[in-house]
Amino acid sequence: MPARAPFPLPDNVDLEAAACLSNYQVAYHLIHTAGRVVEGGTAVIDSAAGGLGSALVELARIAGMRVIAIAGGADKVEALKKFGAERAIDHTREDPVARVAEITAGKGADLIFDGVGGKDFAQKFPMVGVFGMIVSYGRLQGPPDENLVANLGGTYFEASPAVRFFTMHTMDDKPWLRAESMNYLIEKLREGALRPLISQRLHLSEARKAHELLETRQVIGKILLKP
């Protein structure tokens with residue numbers, strides 16, 4: 001591996017927690033590089049019960065933002081509340097747009113993270129507040145509608161929203177940015193400020209089971225495969 005890739009861990013850092021740092025590195029740059037922190041503002045995190053989503057929940061909270069997490073299922077919603085989300089919305093039983101408006105008293109969110117894309121991406125615009133930002137980092141349902149802006153009309157433009165499309169590959173030739181995030185995260189682990197949400201620990205021979213759990217959406221947080 002390249003010399004810049006490994007990072008030393010302090011003696012008191014748990015290796016299982018350190019194994020989650022790949023998700024946390026992406027989450028750090030979604031919040032601090034692609035997004036913009038609004039102290040005391042509101043961050044809406046979609047798909048919040050996964051490894052990356054839960055990392056966003058924890059890091060947004062540490063950055064001083066109120067967190068509204070969106071996930072599917074009562075068990076995931078309850079887990080996210082215990083993990084630090086101020087509010088959690090079950091999209092299988094509630095309308096996220098209406099709930100975000102209710103929770104923010106109609107003001108909308110300052111920062112929204114979307115890893116789904118597709119037709120659901122348009123739902124993020126009614127959630128965004130004045131000068132708020134939507135950060136798109138995934139396309140599980142495909143790219144957003146190419147006519148999205150035209151179809152939105154003028155209603156949501158009144159908030160002057162910003163949209164950023166983000167990929168970590170933008171930093172492939174910027175190792176100092178990756179190092180900045182890793183050093184920050186390792187220090188937070190050392191302090192005990194980060195406690196990654198680990199769903200299950202499976203033996204490497206159970207890799208197939210791990211994939212089945214992911215595909216059936218039974219995972220809350222991260223799955224670790226251990227040799």
# chains A, B, ... in the order shown; residues from 1 in each chain; ligands from 1
$ select_by_dssp --residues "range 110-183 of chain A" --states "alpha helix (DSSP H)" --output "list in words"
Leu148, Val149, Ala150, Asn151, Leu152, Pro175, Trp176, Leu177, Arg178, Ala179, Glu180, Ser181, Met182 and Asn183 of chain A
$ write_last_selection --atoms "N, CA and C atoms" --output "compact mmCIF listing (two decimals), in the first residue's frame"
# COMPACT_ATOMS: atom_id res chain seq x y z
N LEU A 148 -35.61 17.70 -13.38
CA LEU A 148 -35.98 18.03 -12.02
C LEU A 148 -36.14 19.52 -11.81
N VAL A 149 -35.18 20.30 -12.23
CA VAL A 149 -35.22 21.74 -11.98
C VAL A 149 -36.42 22.38 -12.66
N ALA A 150 -36.68 21.98 -13.90
CA ALA A 150 -37.81 22.56 -14.63
C ALA A 150 -39.13 22.17 -13.99
N ASN A 151 -39.22 20.93 -13.52
CA ASN A 151 -40.47 20.44 -12.93
C ASN A 151 -40.76 21.05 -11.57
N LEU A 152 -39.74 21.52 -10.88
CA LEU A 152 -39.95 22.08 -9.55
C LEU A 152 -40.70 23.41 -9.61
N PRO A 175 -4.55 13.58 -1.13
CA PRO A 175 -4.41 12.76 0.08
C PRO A 175 -4.39 13.58 1.36
N TRP A 176 -4.02 14.84 1.30
CA TRP A 176 -3.98 15.65 2.52
C TRP A 176 -5.39 15.86 3.09
N LEU A 177 -6.40 15.88 2.22
CA LEU A 177 -7.77 16.02 2.71
C LEU A 177 -8.23 14.74 3.42
N ARG A 178 -7.86 13.60 2.86
CA ARG A 178 -8.19 12.33 3.52
C ARG A 178 -7.44 12.22 4.85
N ALA A 179 -6.19 12.65 4.88
CA ALA A 179 -5.42 12.60 6.12
C ALA A 179 -6.02 13.50 7.19
N GLU A 180 -6.50 14.66 6.77
CA GLU A 180 -7.13 15.59 7.71
C GLU A 180 -8.32 14.94 8.39
N SER A 181 -9.16 14.26 7.60
CA SER A 181 -10.34 13.63 8.18
C SER A 181 -9.96 12.45 9.07
N MET A 182 -8.99 11.63 8.65
CA MET A 182 -8.62 10.47 9.45
C MET A 182 -8.00 10.88 10.78
N ASN A 183 -7.16 11.89 10.76
CA ASN A 183 -6.56 12.36 12.02
C ASN A 183 -7.63 12.87 12.99
$ closest_atom_pairs --of "range 162-204 of chain A" --to "range 6-25 of chain A" --cutoff "9 Å" --atoms "only C-alpha atoms" --output "CSV"
residue,atom,partner,partner_atom,distance
A:Arg178,CA,A:Gln25,CA,7.4
A:Ala179,CA,A:Phe7,CA,8.6
A:Ser181,CA,A:Gln25,CA,6.0
A:Met182,CA,A:Gln25,CA,6.4
A:Asn183,CA,A:Phe7,CA,8.1
A:Leu185,CA,A:Leu21,CA,7.4
A:Ile186,CA,A:Leu9,CA,7.0
A:Glu187,CA,A:Pro10,CA,8.6
A:Leu189,CA,A:Val13,CA,6.3
A:Arg190,CA,A:Val13,CA,5.6
A:Glu191,CA,A:Val13,CA,8.9
A:Gly192,CA,A:Val13,CA,8.5
A:Leu194,CA,A:Ala17,CA,8.3
A:Arg195,CA,A:Ala17,CA,7.0
A:Pro196,CA,A:Ala17,CA,6.0
A:Leu197,CA,A:Ala17,CA,8.7
A:Ile198,CA,A:Ala17,CA,8.3
$ write_last_selection --atoms "N, CA and C atoms" --output "mmCIF file, in the first residue's frame"
data_model
loop_
_atom_site.group_PDB
_atom_site.id
_atom_site.type_symbol
_atom_site.label_atom_id
_atom_site.label_comp_id
_atom_site.auth_asym_id
_atom_site.auth_seq_id
_atom_site.Cartn_x
_atom_site.Cartn_y
_atom_site.Cartn_z
ATOM 1 N N ARG A 178 -7.858 13.598 2.861
ATOM 2 C CA ARG A 178 -8.185 12.332 3.516
ATOM 3 C C ARG A 178 -7.443 12.219 4.852
ATOM 4 N N ALA A 179 -6.192 12.651 4.876
ATOM 5 C CA ALA A 179 -5.415 12.596 6.117
ATOM 6 C C ALA A 179 -6.024 13.499 7.186
ATOM 7 N N SER A 181 -9.155 14.258 7.602
ATOM 8 C CA SER A 181 -10.336 13.628 8.180
ATOM 9 C C SER A 181 -9.960 12.446 9.073
ATOM 10 N N MET A 182 -8.994 11.633 8.652
ATOM 11 C CA MET A 182 -8.615 10.469 9.448
ATOM 12 C C MET A 182 -8.004 10.878 10.781
ATOM 13 N N ASN A 183 -7.160 11.891 10.764
ATOM 14 C CA ASN A 183 -6.557 12.356 12.019
ATOM 15 C C ASN A 183 -7.629 12.873 12.986
ATOM 16 N N LEU A 185 -10.817 11.935 13.024
ATOM 17 C CA LEU A 185 -11.647 10.817 13.471
ATOM 18 C C LEU A 185 -10.925 9.935 14.491
ATOM 19 N N ILE A 186 -9.654 9.687 14.261
ATOM 20 C CA ILE A 186 -8.888 8.876 15.216
ATOM 21 C C ILE A 186 -8.810 9.576 16.567
ATOM 22 N N GLU A 187 -8.658 10.892 16.555
ATOM 23 C CA GLU A 187 -8.633 11.638 17.811
ATOM 24 C C GLU A 187 -9.981 11.546 18.526
ATOM 25 N N LEU A 189 -12.065 9.076 18.278
ATOM 26 C CA LEU A 189 -12.122 7.730 18.842
ATOM 27 C C LEU A 189 -11.336 7.652 20.141
ATOM 28 N N ARG A 190 -10.154 8.268 20.146
ATOM 29 C CA ARG A 190 -9.317 8.251 21.342
ATOM 30 C C ARG A 190 -10.028 8.921 22.505
ATOM 31 N N GLU A 191 -10.750 10.005 22.212
ATOM 32 C CA GLU A 191 -11.469 10.739 23.256
ATOM 33 C C GLU A 191 -12.711 9.989 23.737
ATOM 34 N N GLY A 192 -13.156 9.007 22.949
ATOM 35 C CA GLY A 192 -14.396 8.313 23.273
ATOM 36 C C GLY A 192 -15.632 9.020 22.755
ATOM 37 N N LEU A 194 -16.594 9.138 19.581
ATOM 38 C CA LEU A 194 -17.196 8.325 18.522
ATOM 39 C C LEU A 194 -17.439 6.913 19.033
ATOM 40 N N ARG A 195 -18.647 6.452 18.819
ATOM 41 C CA ARG A 195 -18.998 5.078 19.189
ATOM 42 C C ARG A 195 -19.798 4.473 18.038
ATOM 43 N N PRO A 196 -19.118 3.983 17.004
ATOM 44 C CA PRO A 196 -19.813 3.485 15.812
ATOM 45 C C PRO A 196 -20.892 2.456 16.157
ATOM 46 N N LEU A 197 -21.988 2.547 15.414
ATOM 47 C CA LEU A 197 -23.119 1.649 15.617
ATOM 48 C C LEU A 197 -22.855 0.354 14.848
ATOM 49 N N ILE A 198 -22.523 -0.695 15.577
ATOM 50 C CA ILE A 198 -22.196 -1.986 14.963
ATOM 51 C C ILE A 198 -23.372 -2.940 15.174
#
$ closest_residue --among "A:Lys222, A:Arg139, A:Val67, A:Pro227" --to "Ser205 in chain A" --atoms "only C-alpha atoms"
A:Pro227
$ residues_around --residues "Ile112 in chain A" --least-positions-apart "6" --cutoff "10 Å" --atoms "only C-alpha atoms" --output "list in words"
Ile31, Gly35, Thr42, Ala43, Val44, Ile45, Asp46, Val67, Ile68, Lys124, Phe125, Met127, Val128, Gly129, Gly132, Met133, Ile134, Val135, Ser136 and Val163 of chain A
$ write_last_selection --atoms "N, CA and C atoms" --output "PDB file, in the first residue's frame"
ATOM      1  N   ILE A  31     -20.090  16.247   5.378  1.00  0.00           N
ATOM      2  CA  ILE A  31     -20.506  17.332   6.273  1.00  0.00           C
ATOM      3  C   ILE A  31     -19.593  18.548   6.158  1.00  0.00           C
ATOM      4  N   GLY A  35     -20.607  19.735   2.356  1.00  0.00           N
ATOM      5  CA  GLY A  35     -21.677  20.499   2.987  1.00  0.00           C
ATOM      6  C   GLY A  35     -21.150  21.705   3.728  1.00  0.00           C
ATOM      7  N   THR A  42     -30.303  22.513  11.503  1.00  0.00           N
ATOM      8  CA  THR A  42     -30.909  21.190  11.376  1.00  0.00           C
ATOM      9  C   THR A  42     -30.339  20.448  10.180  1.00  0.00           C
ATOM     10  N   ALA A  43     -29.943  19.197  10.423  1.00  0.00           N
ATOM     11  CA  ALA A  43     -29.487  18.310   9.356  1.00  0.00           C
ATOM     12  C   ALA A  43     -30.471  17.164   9.216  1.00  0.00           C
ATOM     13  N   VAL A  44     -30.941  16.920   7.998  1.00  0.00           N
ATOM     14  CA  VAL A  44     -31.812  15.781   7.710  1.00  0.00           C
ATOM     15  C   VAL A  44     -30.975  14.714   7.019  1.00  0.00           C
ATOM     16  N   ILE A  45     -30.984  13.512   7.565  1.00  0.00           N
ATOM     17  CA  ILE A  45     -30.168  12.425   7.032  1.00  0.00           C
ATOM     18  C   ILE A  45     -31.085  11.288   6.599  1.00  0.00           C
ATOM     19  N   ASP A  46     -31.169  11.071   5.294  1.00  0.00           N
ATOM     20  CA  ASP A  46     -31.962   9.974   4.759  1.00  0.00           C
ATOM     21  C   ASP A  46     -31.141   8.686   4.810  1.00  0.00           C
ATOM     22  N   VAL A  67     -30.209  16.782  14.582  1.00  0.00           N
ATOM     23  CA  VAL A  67     -30.291  15.732  13.572  1.00  0.00           C
ATOM     24  C   VAL A  67     -31.704  15.164  13.489  1.00  0.00           C
ATOM     25  N   ILE A  68     -32.244  15.161  12.263  1.00  0.00           N
ATOM     26  CA  ILE A  68     -33.482  14.450  11.961  1.00  0.00           C
ATOM     27  C   ILE A  68     -33.104  13.275  11.065  1.00  0.00           C
ATOM     28  N   LYS A 124     -36.650  16.061  -1.556  1.00  0.00           N
ATOM     29  CA  LYS A 124     -35.756  16.794  -0.654  1.00  0.00           C
ATOM     30  C   LYS A 124     -35.966  18.302  -0.745  1.00  0.00           C
ATOM     31  N   PHE A 125     -36.439  18.798  -1.885  1.00  0.00           N
ATOM     32  CA  PHE A 125     -36.574  20.247  -2.044  1.00  0.00           C
ATOM     33  C   PHE A 125     -37.620  20.861  -1.120  1.00  0.00           C
ATOM     34  N   MET A 127     -38.157  20.018   1.770  1.00  0.00           N
ATOM     35  CA  MET A 127     -37.616  19.946   3.135  1.00  0.00           C
ATOM     36  C   MET A 127     -36.568  21.022   3.406  1.00  0.00           C
ATOM     37  N   VAL A 128     -36.006  21.622   2.378  1.00  0.00           N
ATOM     38  CA  VAL A 128     -34.858  22.505   2.568  1.00  0.00           C
ATOM     39  C   VAL A 128     -35.310  23.901   2.977  1.00  0.00           C
ATOM     40  N   GLY A 129     -34.554  24.496   3.909  1.00  0.00           N
ATOM     41  CA  GLY A 129     -34.876  25.835   4.378  1.00  0.00           C
ATOM     42  C   GLY A 129     -34.171  26.906   3.566  1.00  0.00           C
ATOM     43  N   GLY A 132     -30.550  26.734   2.408  1.00  0.00           N
ATOM     44  CA  GLY A 132     -30.136  25.390   2.785  1.00  0.00           C
ATOM     45  C   GLY A 132     -29.437  24.678   1.639  1.00  0.00           C
ATOM     46  N   MET A 133     -28.861  23.533   1.957  1.00  0.00           N
ATOM     47  CA  MET A 133     -28.103  22.772   0.963  1.00  0.00           C
ATOM     48  C   MET A 133     -28.523  21.312   0.980  1.00  0.00           C
ATOM     49  N   ILE A 134     -28.647  20.730  -0.217  1.00  0.00           N
ATOM     50  CA  ILE A 134     -28.890  19.302  -0.384  1.00  0.00           C
ATOM     51  C   ILE A 134     -27.622  18.686  -0.952  1.00  0.00           C
ATOM     52  N   VAL A 135     -27.104  17.674  -0.280  1.00  0.00           N
ATOM     53  CA  VAL A 135     -25.902  16.981  -0.754  1.00  0.00           C
ATOM     54  C   VAL A 135     -26.298  15.578  -1.211  1.00  0.00           C
ATOM     55  N   SER A 136     -26.098  15.310  -2.500  1.00  0.00           N
ATOM     56  CA  SER A 136     -26.395  14.004  -3.077  1.00  0.00           C
ATOM     57  C   SER A 136     -25.101  13.214  -3.178  1.00  0.00           C
ATOM     58  N   VAL A 163     -27.512  22.721  -4.315  1.00  0.00           N
ATOM     59  CA  VAL A 163     -27.414  21.275  -4.495  1.00  0.00           C
ATOM     60  C   VAL A 163     -25.974  20.943  -4.862  1.00  0.00           C
TER      61      VAL A 163
END
$ select_by_dssp --residues "range 18-178 of chain A" --states "strand (DSSP E)" --output "MDAnalysis selection string"
chainID A and resid 42:45 66:71 87:90 109:114 128:136 162:165
$ residues_around --residues "Ile89 in chain A" --least-positions-apart "2" --cutoff "8 Å" --atoms "only C-alpha atoms" --output "list in words"
Ile68, Ala69, Ile70, Ala71, Val77, Arg87, His91, Glu94, Pro96 and Arg99 of chain A
$ closest_residue --among "A:His29, A:Arg164, A:Arg4, A:Arg217" --to "Gly50 in chain A" --atoms "only C-alpha atoms"
A:Arg217
$ closest_residue --among "A:Lys188, A:Phe166, A:Val130, A:Ile223" --to "His203 in chain A" --atoms "only C-alpha atoms"
A:Ile223
